[in-house]
Amino acid sequence: MTYDEIVEMAEEAGLPVAYDHFSEGESPDPPFLIFRFPGDNNFSADGTTYAEVTALDFELYTDYKDPELERVIETILTSHGIFYDRSETWIPGEKMYEVLYEMEVLYADSESE
């Protein structure tokens, strides 16, 4: 997947979307979605990177528990053939829930496709 394809996939939820964070003062009211690439797990063969396997996180922020919206995100990921792990936490200082979807994707920049 390219960066643009990941953005398009995230935007399917119909929520405000940003990479890593919204600029200070630009953060929308919840719900919103953040995505990031926290690392990689590349596959190597013959001493070189054979496939770029990139960790991808979708972070869904809501001000109340919203199982229906979580199902929307999960349906989007499943429709793109993506296996994910899900966890959630309450962030007391922000008074928001974070539902974290962790996955790996085969990453390609747009020039190498």
# chains A, B, ... in the order shown; residues from 1 in each chain; ligands from 1

$ residues_around --residues "Val53 (chain A)" --least-positions-apart "3" --cutoff "12 Å" --atoms "only C-alpha atoms" --output "JSON, numbers by chain"
{"A": [1, 2, 37, 38, 39, 40, 41, 42, 43, 44, 49, 50, 56, 103, 104, 105, 106, 107, 108]}

$ residues_around --residues "region 4-17 of chain A" --least-positions-apart "4" --cutoff "6 Å" --atoms "only C-alpha atoms" --output "PyMOL selection string"
chain A and resi 32-34

$ write_last_selection --atoms "C-alpha atoms" --output "PDB file, in the first residue's frame"
ATOM      1  CA  PHE A  32     -11.302  11.533  14.854  1.00  0.00           C
ATOM      2  CA  LEU A  33      -8.705   9.145  13.491  1.00  0.00           C
ATOM      3  CA  ILE A  34      -4.918   9.318  13.642  1.00  0.00           C
TER       4      ILE A  34
END

$ residues_around --residues "Glu74 (chain A)" --least-positions-apart "4" --cutoff "9 Å" --atoms "only C-alpha atoms" --output "mmCIF file with C-alpha atoms, in the first residue's frame"
data_model
loop_
_atom_site.group_PDB
_atom_site.id
_atom_site.type_symbol
_atom_site.label_atom_id
_atom_site.label_comp_id
_atom_site.auth_asym_id
_atom_site.auth_seq_id
_atom_site.Cartn_x
_atom_site.Cartn_y
_atom_site.Cartn_z
ATOM 1 C CA LEU A 69 -18.023 3.460 14.987
ATOM 2 C CA GLU A 70 -15.484 0.803 15.987
ATOM 3 C CA THR A 78 -11.407 -6.214 6.826
ATOM 4 C CA SER A 79 -12.631 -5.055 3.414
ATOM 5 C CA TYR A 84 -5.418 -6.224 12.918
ATOM 6 C CA TYR A 101 -5.799 -0.924 15.724
#

$ residues_around --residues "region 90-93 of chain A" --least-positions-apart "6" --cutoff "12 Å" --atoms "only C-alpha atoms" --output "ChimeraX atom specification"
/A:60-65,99-100

$ select_by_dssp --residues "region 2-112 of chain A" --states "strand (DSSP E or B)" --output "ChimeraX atom specification"
/A:17-19,32-40,43-45,48-51,53-62,84-91,96-106

$ write_last_selection --atoms "C-alpha atoms" --output "short mmCIF file (atom, residue, chain, number, x, y, z; two decimals), in the first residue's frame"
data_model
loop_
_atom_site.label_atom_id
_atom_site.label_comp_id
_atom_site.auth_asym_id
_atom_site.auth_seq_id
_atom_site.Cartn_x
_atom_site.Cartn_y
_atom_site.Cartn_z
CA VAL A 17 -7.88 12.13 9.69
CA ALA A 18 -4.27 13.16 10.34
CA TYR A 19 -0.86 11.54 10.32
CA PHE A 32 -11.30 11.53 14.85
CA LEU A 33 -8.71 9.14 13.49
CA ILE A 34 -4.92 9.32 13.64
CA PHE A 35 -2.61 6.96 11.76
CA ARG A 36 1.12 6.41 12.13
CA PHE A 37 3.94 4.11 11.14
CA PRO A 38 5.58 3.16 14.48
CA GLY A 39 8.16 0.79 12.99
CA ASP A 40 8.75 -1.99 10.53
CA PHE A 43 11.30 -9.49 5.36
CA SER A 44 14.80 -10.15 4.12
CA ALA A 45 16.23 -12.63 1.65
CA THR A 48 18.60 -7.57 1.27
CA THR A 49 15.13 -6.29 2.06
CA TYR A 50 12.79 -8.49 0.08
CA ALA A 51 9.52 -6.92 1.28
CA VAL A 53 6.55 -4.71 5.98
CA THR A 54 5.52 -1.60 7.84
CA ALA A 55 3.67 -1.40 11.13
CA LEU A 56 0.58 0.77 10.79
CA ASP A 57 -1.53 2.05 13.67
CA PHE A 58 -5.01 3.51 13.42
CA GLU A 59 -5.93 5.38 16.59
CA LEU A 60 -9.64 6.14 16.96
CA TYR A 61 -10.40 8.84 19.54
CA THR A 62 -13.92 9.26 20.93
CA TYR A 84 -5.42 -6.22 12.92
CA ASP A 85 -5.13 -6.40 16.68
CA ARG A 86 -7.36 -4.10 18.71
CA SER A 87 -6.95 -2.61 22.18
CA GLU A 88 -8.45 0.33 23.98
CA THR A 89 -7.71 2.67 26.81
CA TRP A 90 -9.32 5.60 28.60
CA ILE A 91 -7.12 8.72 28.65
CA MET A 96 -11.27 10.41 25.67
CA TYR A 97 -11.14 6.78 24.66
CA GLU A 98 -8.41 5.60 22.34
CA VAL A 99 -9.15 2.44 20.37
CA LEU A 100 -5.90 1.27 18.82
CA TYR A 101 -5.80 -0.92 15.72
CA GLU A 102 -2.32 -2.36 15.11
CA MET A 103 -1.54 -4.00 11.80
CA GLU A 104 1.21 -4.57 9.27
CA VAL A 105 1.05 -3.63 5.60
CA LEU A 106 3.31 -4.14 2.61
#

$ select_by_dssp --residues "chain A" --states "alpha helix (DSSP H)" --output "ChimeraX atom specification"
/A:3-11,67-79
